[in-house]
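*Asks:* Let me begin by handing over the structure; questions about it come next.
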Amino acid sequence: LLRRTPSSGADRFIQDAIINGLARKADVTLLRGVGTDNSPKGVRQFVLDNGDADCTFNSSGTSLQNKVTDLSQAIRVVQENNIPFANAGFVFDKRTEWGLKSTLTADGEFVFMPEMAAGALMGFPYKTTTAMPTNIGTGSNKAEVLFYNFGHFLVGETDSLELTVSPDGAYHNGSSVQSGLSQDTTPIRALLRHDSQSRFRGLEGSLIQDVAWA
């Protein structure tokens, strides 16, 4: 129906859907991209490739002391690499966020909640995103916590979003080329050109793996 009876509203709806999809893709790639298939390398991969085994480690457990130890170590190993802090902070998933927020002392007092209510953790800002999975690691049900100096992560971008509409053109559906004419579809190509680089080869970050704090 949108194709047969086009309108400015329909065009805007489709354009917004494409832009939102690209934003999601960029979020995932710049966080977790491995740098293959013409995609930029994400901050996680830079940390994994930095050559310092201390920067990537498994969580020590689920107790309050384990959480404090892991978070402290994530910060400490970066400091020990003599990296000047620049926009440093944590990134993790929503499940981990609520696991931390709901952590209690032996007396039933919230440990991290007051600071996290202000958007900080261990003195640094934190962000959550669904781009950080919760189905990895041991048992395929673990998460990861990233600590990174985002001021040292460089993203290059050329031009702006390029949209190409090709009525009745051909497209690839992941396994074969399809004809837009025979499928009665209008292919739309969206291009963004990015590249990424780490100022200190990934030593400006750390990664806690096998996290199960909720």
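Identifiers for the structure tokens are assigned positionally: chains receive A, B, ... in sequence, residues are indexed from 1 per chain, and ligands are indexed from 1 in the order shown.
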I'd like the contact shell of Asp168 in chain A - 12 Å cut-off, only C-alpha atoms, skipping same-chain residues fewer than 4 positions apart - returned as a ChimeraX atom specification.
*Replies:* /A:3,178-188
*Asks:* Write the selection just made, keeping N, CA, C and O atoms, as a PDB file, in the first residue's frame?
*Replies:*
ATOM      1  N   ARG A   3       3.771   1.563  -1.213  1.00  0.00           N
ATOM      2  CA  ARG A   3       4.439   1.687  -2.499  1.00  0.00           C
ATOM      3  C   ARG A   3       3.469   2.194  -3.564  1.00  0.00           C
ATOM      4  O   ARG A   3       3.839   2.966  -4.451  1.00  0.00           O
ATOM      5  N   GLN A 178      17.491 -11.052  -5.411  1.00  0.00           N
ATOM      6  CA  GLN A 178      16.055 -11.009  -5.667  1.00  0.00           C
ATOM      7  C   GLN A 178      15.722  -9.838  -6.583  1.00  0.00           C
ATOM      8  O   GLN A 178      16.335  -8.775  -6.496  1.00  0.00           O
ATOM      9  N   SER A 179      14.744 -10.011  -7.418  1.00  0.00           N
ATOM     10  CA  SER A 179      14.290  -8.944  -8.304  1.00  0.00           C
ATOM     11  C   SER A 179      13.178  -8.154  -7.627  1.00  0.00           C
ATOM     12  O   SER A 179      12.164  -8.712  -7.198  1.00  0.00           O
ATOM     13  N   GLY A 180      13.398  -6.835  -7.510  1.00  0.00           N
ATOM     14  CA  GLY A 180      12.357  -6.000  -6.936  1.00  0.00           C
ATOM     15  C   GLY A 180      11.095  -6.020  -7.764  1.00  0.00           C
ATOM     16  O   GLY A 180       9.980  -5.945  -7.236  1.00  0.00           O
ATOM     17  N   LEU A 181      11.251  -6.123  -9.088  1.00  0.00           N
ATOM     18  CA  LEU A 181      10.089  -6.143  -9.981  1.00  0.00           C
ATOM     19  C   LEU A 181       9.240  -7.391  -9.735  1.00  0.00           C
ATOM     20  O   LEU A 181       8.025  -7.305  -9.577  1.00  0.00           O
ATOM     21  N   SER A 182       9.889  -8.557  -9.668  1.00  0.00           N
ATOM     22  CA  SER A 182       9.127  -9.786  -9.479  1.00  0.00           C
ATOM     23  C   SER A 182       8.549  -9.894  -8.069  1.00  0.00           C
ATOM     24  O   SER A 182       7.517 -10.514  -7.850  1.00  0.00           O
ATOM     25  N   GLN A 183       9.245  -9.272  -7.088  1.00  0.00           N
ATOM     26  CA  GLN A 183       8.765  -9.319  -5.712  1.00  0.00           C
ATOM     27  C   GLN A 183       7.837  -8.156  -5.379  1.00  0.00           C
ATOM     28  O   GLN A 183       7.304  -8.081  -4.268  1.00  0.00           O
ATOM     29  N   ASP A 184       7.677  -7.250  -6.334  1.00  0.00           N
ATOM     30  CA  ASP A 184       6.835  -6.061  -6.133  1.00  0.00           C
ATOM     31  C   ASP A 184       7.312  -5.237  -4.933  1.00  0.00           C
ATOM     32  O   ASP A 184       6.550  -4.860  -4.044  1.00  0.00           O
ATOM     33  N   THR A 185       8.631  -5.000  -4.897  1.00  0.00           N
ATOM     34  CA  THR A 185       9.230  -4.245  -3.802  1.00  0.00           C
ATOM     35  C   THR A 185      10.097  -3.120  -4.347  1.00  0.00           C
ATOM     36  O   THR A 185      10.478  -3.114  -5.520  1.00  0.00           O
ATOM     37  N   THR A 186      10.416  -2.174  -3.495  1.00  0.00           N
ATOM     38  CA  THR A 186      11.296  -1.063  -3.837  1.00  0.00           C
ATOM     39  C   THR A 186      12.519  -1.109  -2.933  1.00  0.00           C
ATOM     40  O   THR A 186      12.445  -0.723  -1.757  1.00  0.00           O
ATOM     41  N   PRO A 187      13.658  -1.604  -3.398  1.00  0.00           N
ATOM     42  CA  PRO A 187      14.864  -1.655  -2.570  1.00  0.00           C
ATOM     43  C   PRO A 187      15.358  -0.251  -2.203  1.00  0.00           C
ATOM     44  O   PRO A 187      15.311   0.675  -3.021  1.00  0.00           O
ATOM     45  N   ILE A 188      15.821  -0.129  -0.972  1.00  0.00           N
ATOM     46  CA  ILE A 188      16.405   1.121  -0.490  1.00  0.00           C
ATOM     47  C   ILE A 188      17.772   0.791   0.098  1.00  0.00           C
ATOM     48  O   ILE A 188      17.884  -0.074   0.972  1.00  0.00           O
TER      49      ILE A 188
END
*Asks:* Using only C-alpha atoms, which protein or nucleic acid residues come within 10 Å of Ala212 in chain A? Drop anything in the same chain fewer than 5 positions from it, and give the result as a VMD selection string.
*Replies:* chain A and resid 59 to 62 67 95 to 96 99 134 137 to 138 141 to 144
*Asks:* Where does DSSP see strand (DSSP E or B) in range 53-157 of chain A, if you list the residues as a PyMOL selection string?
*Replies:* chain A and resi 56-58+88-92+104+110+120-121+124-128+136+142-149+153-157
*Asks:* Take the residues from that selection and write them out as a tab-separated table (two decimals), in the first residue's frame, keeping N, CA, C and O atoms.
*Replies:*
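That gives us again_28.tsv:
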chain	number	residue	atom	x	y	z
A	56	THR	N	41.64	-8.00	30.66
A	56	THR	CA	40.46	-8.84	30.43
A	56	THR	C	40.48	-9.96	31.46
A	56	THR	O	41.44	-10.74	31.51
A	57	PHE	N	39.44	-10.06	32.27
A	57	PHE	CA	39.42	-11.07	33.33
A	57	PHE	C	37.99	-11.48	33.63
A	57	PHE	O	37.04	-10.74	33.36
A	58	ASN	N	37.84	-12.68	34.20
A	58	ASN	CA	36.53	-13.18	34.56
A	58	ASN	C	36.10	-12.62	35.92
A	58	ASN	O	36.93	-12.41	36.81
A	88	ALA	N	36.11	8.64	30.94
A	88	ALA	CA	36.09	7.24	31.36
A	88	ALA	C	34.73	6.89	31.95
A	88	ALA	O	34.08	7.72	32.60
A	89	GLY	N	34.31	5.64	31.75
A	89	GLY	CA	33.05	5.20	32.32
A	89	GLY	C	32.80	3.74	32.04
A	89	GLY	O	33.55	3.07	31.32
A	90	PHE	N	31.72	3.23	32.66
A	90	PHE	CA	31.32	1.84	32.50
A	90	PHE	C	30.18	1.71	31.49
A	90	PHE	O	29.35	2.62	31.36
A	91	VAL	N	30.14	0.56	30.81
A	91	VAL	CA	29.02	0.23	29.93
A	91	VAL	C	28.63	-1.22	30.22
A	91	VAL	O	29.49	-2.10	30.27
A	92	PHE	N	27.34	-1.46	30.42
A	92	PHE	CA	26.85	-2.82	30.63
A	92	PHE	C	25.37	-2.88	30.30
A	92	PHE	O	24.76	-1.89	29.88
A	104	LEU	N	22.58	-5.45	48.38
A	104	LEU	CA	22.36	-4.97	49.75
A	104	LEU	C	23.52	-5.34	50.67
A	104	LEU	O	24.22	-6.33	50.45
A	110	PHE	N	21.05	-0.46	50.67
A	110	PHE	CA	21.52	-0.47	49.29
A	110	PHE	C	22.98	0.00	49.23
A	110	PHE	O	23.34	1.00	49.85
A	120	ALA	N	26.19	7.30	38.24
A	120	ALA	CA	27.61	7.00	38.43
A	120	ALA	C	27.79	5.66	39.12
A	120	ALA	O	26.89	5.14	39.78
A	121	LEU	N	29.01	5.11	38.97
A	121	LEU	CA	29.37	3.85	39.61
A	121	LEU	C	30.86	3.90	39.92
A	121	LEU	O	31.67	4.16	39.02
A	124	PHE	N	32.58	6.91	38.54
A	124	PHE	CA	32.60	7.15	37.10
A	124	PHE	C	31.19	7.03	36.53
A	124	PHE	O	30.38	6.23	37.02
A	125	PRO	N	30.88	7.78	35.48
A	125	PRO	CA	29.55	7.63	34.86
A	125	PRO	C	29.39	6.25	34.24
A	125	PRO	O	30.37	5.59	33.91
A	126	TYR	N	28.15	5.82	34.11
A	126	TYR	CA	27.88	4.54	33.46
A	126	TYR	C	26.70	4.69	32.51
A	126	TYR	O	25.85	5.56	32.67
A	127	LYS	N	26.66	3.81	31.51
A	127	LYS	CA	25.57	3.76	30.55
A	127	LYS	C	25.16	2.31	30.36
A	127	LYS	O	25.98	1.40	30.49
A	128	THR	N	23.89	2.10	30.05
A	128	THR	CA	23.42	0.75	29.74
A	128	THR	C	22.93	0.70	28.30
A	128	THR	O	22.48	1.70	27.75
A	136	ILE	N	26.14	-14.88	26.84
A	136	ILE	CA	27.49	-15.29	26.44
A	136	ILE	C	28.21	-15.89	27.65
A	136	ILE	O	27.65	-15.94	28.75
A	142	LYS	N	25.81	-15.43	30.65
A	142	LYS	CA	26.58	-14.42	31.36
A	142	LYS	C	26.64	-13.11	30.56
A	142	LYS	O	26.25	-13.06	29.39
A	143	ALA	N	27.13	-12.08	31.21
A	143	ALA	CA	27.23	-10.75	30.61
A	143	ALA	C	28.68	-10.26	30.72
A	143	ALA	O	29.56	-10.97	31.22
A	144	GLU	N	28.91	-9.04	30.25
A	144	GLU	CA	30.22	-8.40	30.36
A	144	GLU	C	30.07	-6.97	30.84
A	144	GLU	O	29.03	-6.33	30.60
A	145	VAL	N	31.08	-6.49	31.51
A	145	VAL	CA	31.13	-5.10	31.96
A	145	VAL	C	32.38	-4.46	31.36
A	145	VAL	O	33.49	-4.95	31.56
A	146	LEU	N	32.17	-3.38	30.63
A	146	LEU	CA	33.27	-2.68	29.97
A	146	LEU	C	33.59	-1.39	30.71
A	146	LEU	O	32.68	-0.62	31.05
A	147	PHE	N	34.87	-1.17	30.99
A	147	PHE	CA	35.34	0.12	31.50
A	147	PHE	C	36.26	0.70	30.45
A	147	PHE	O	37.20	0.03	30.00
A	148	TYR	N	36.01	1.95	30.05
A	148	TYR	CA	36.76	2.48	28.91
A	148	TYR	C	36.89	3.99	28.99
A	148	TYR	O	35.98	4.69	29.48
A	149	ASN	N	38.03	4.48	28.48
A	149	ASN	CA	38.25	5.91	28.33
A	149	ASN	C	37.82	6.32	26.92
A	149	ASN	O	38.59	6.26	25.97
A	153	PHE	N	38.99	7.08	22.11
A	153	PHE	CA	38.46	6.27	21.01
A	153	PHE	C	38.06	7.20	19.88
A	153	PHE	O	37.24	8.10	20.04
A	154	LEU	N	38.69	7.02	18.72
A	154	LEU	CA	38.50	7.92	17.60
A	154	LEU	C	37.60	7.28	16.56
A	154	LEU	O	37.81	6.14	16.15
A	155	VAL	N	36.58	8.04	16.13
A	155	VAL	CA	35.66	7.56	15.10
A	155	VAL	C	35.72	8.52	13.92
A	155	VAL	O	35.45	9.72	14.07
A	156	GLY	N	36.12	7.99	12.76
A	156	GLY	CA	36.15	8.80	11.55
A	156	GLY	C	34.88	8.60	10.75
A	156	GLY	O	34.40	7.47	10.61
A	157	GLU	N	34.35	9.67	10.23
A	157	GLU	CA	33.12	9.59	9.43
A	157	GLU	C	33.25	10.47	8.21
A	157	GLU	O	33.67	11.63	8.32
*Asks:* For Leu22 in chain A, work out the shell of residues within 9 Å, counting only C-alpha atoms and skipping chain neighbours fewer than 4 positions away, then give it as a PyMOL selection string.
*Replies:* chain A and resi 17-18+26-27+190-192
*Asks:* Name all residues at most 6 Å from Gly42 in chain A (count only C-alpha atoms; drop same-chain ones fewer than 5 positions away) and give them as a list in words.
*Replies:*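 Those residues are Thr29, Leu30, Leu31, Arg32 and Gly33 of chain A.
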*Asks:* Mind giving me the straight-line distance from CA of Val165 in chain A to CA of Asn20 in chain A in Å, one decimal?
*Replies:*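 So the answer is 17.4 Å.
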*Asks:* Can you pull out the residues contacting Gly202 in chain A? Cut-off 8 Å, using only C-alpha atoms, and skip same-chain residues under 5 positions away; I want them as a ChimeraX atom specification.
*Replies:* /A:43,45-50
*Asks:* Considering only C-alpha atoms, state which residue in the set A:Arg24, A:Lys101, A:Arg76, A:Arg193 is at the smallest distance from Thr129 in chain A.
*Replies:*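 Smallest separation from Thr129 in chain A among the options: A:Arg24.
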*Asks:* Figure out the distance between CA of Cys55 in chain A and CA of Pro84 in chain A, please, to one decimal in Å.
*Replies:*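 Atom-to-atom, CA of Pro84 in chain A and CA of Cys55 in chain A are spaced 15.7 Å apart.
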*Asks:* Have a look at A:Asn87, A:Asn38, A:Ser198, A:Thr103 and name the one nearest to Ser63 in chain A; count only C-alpha atoms.
*Replies:*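 Closest to Ser63 in chain A of all the choices is A:Thr103.
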*Asks:* Go through A:Ala117, A:Ile83, A:Ala10, A:Val78 and flag the residue nearest Arg199 in chain A, using only C-alpha atoms for the distances.
*Replies:*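 Using only C-alpha atoms, the shortest distance to Arg199 in chain A belongs to A:Ile83.
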*Asks:* Among range 22-211 of chain A, which residues does DSSP mark as helix (DSSP H, G or I) when it is run on the backbone? Keep the chain and numbering as in the structure and answer as a PyMOL selection string.
*Replies:* chain A and resi 22-32+43-48+53-55+64-80+94-101+113-116+138-140+150-152+180-183
*Asks:* Please write the residues from the selection above to a file, keeping C-alpha atoms, as a short mmCIF file (atom, residue, chain, number, x, y, z; two decimals), in the first residue's frame.
*Replies:*
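The new file selection.cif reads:
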data_model
loop_
_atom_site.label_atom_id
_atom_site.label_comp_id
_atom_site.auth_asym_id
_atom_site.auth_seq_id
_atom_site.Cartn_x
_atom_site.Cartn_y
_atom_site.Cartn_z
CA LEU A 22 21.44 2.26 11.39
CA ALA A 23 21.83 3.93 14.79
CA ARG A 24 21.30 0.57 16.47
CA LYS A 25 23.83 -1.04 14.12
CA ALA A 26 26.38 1.70 14.83
CA ASP A 27 25.87 1.27 18.58
CA VAL A 28 26.52 -2.46 18.40
CA THR A 29 29.46 -2.15 15.99
CA LEU A 30 31.34 0.61 17.81
CA LEU A 31 30.97 -1.29 21.07
CA ARG A 32 31.45 -4.91 19.97
CA VAL A 43 36.08 -0.68 21.83
CA ARG A 44 35.65 -4.21 23.23
CA GLN A 45 37.82 -5.72 20.51
CA PHE A 46 40.51 -3.08 21.02
CA VAL A 47 40.66 -4.12 24.69
CA LEU A 48 40.82 -7.82 23.78
CA ALA A 53 46.17 -10.05 29.84
CA ASP A 54 45.27 -8.14 33.02
CA CYS A 55 42.83 -5.93 31.11
CA LEU A 64 29.14 -7.85 47.36
CA GLN A 65 32.87 -8.23 47.90
CA ASN A 66 33.24 -9.91 44.49
CA LYS A 67 31.45 -7.02 42.76
CA VAL A 68 33.56 -4.38 44.51
CA THR A 69 36.75 -6.32 43.75
CA ASP A 70 35.90 -6.72 40.05
CA LEU A 71 34.89 -3.10 39.53
CA SER A 72 37.96 -1.84 41.37
CA GLN A 73 40.24 -4.08 39.32
CA ALA A 74 38.70 -2.84 36.07
CA ILE A 75 39.67 0.71 36.99
CA ARG A 76 43.04 -0.16 38.52
CA VAL A 77 44.47 -2.07 35.56
CA VAL A 78 43.88 0.94 33.31
CA GLN A 79 45.54 3.26 35.81
CA GLU A 80 48.53 0.92 35.99
CA LYS A 94 20.14 -3.60 31.97
CA ARG A 95 20.23 -6.91 33.84
CA THR A 96 23.62 -6.10 35.28
CA GLU A 97 22.46 -2.59 36.15
CA TRP A 98 19.62 -3.90 38.28
CA GLY A 99 21.82 -6.59 39.77
CA LEU A 100 24.09 -3.83 41.04
CA LYS A 101 21.28 -1.51 42.10
CA MET A 113 21.81 2.42 44.42
CA PRO A 114 22.43 5.96 45.78
CA GLU A 115 25.38 6.59 43.48
CA MET A 116 23.78 4.86 40.48
CA THR A 138 29.96 -19.95 30.73
CA GLY A 139 26.52 -21.48 30.39
CA SER A 140 25.63 -18.97 27.66
CA PHE A 150 36.01 6.98 25.48
CA GLY A 151 37.98 10.19 25.02
CA HIS A 152 40.72 8.04 23.50
CA GLY A 180 12.36 -6.00 -6.94
CA LEU A 181 10.09 -6.14 -9.98
CA SER A 182 9.13 -9.79 -9.48
CA GLN A 183 8.76 -9.32 -5.71
#
*Asks:* Please, what distance in Å, to one decimal, runs between CA of Gly174 in chain A and CA of Glu162 in chain A?
*Replies:* 21.2 Å
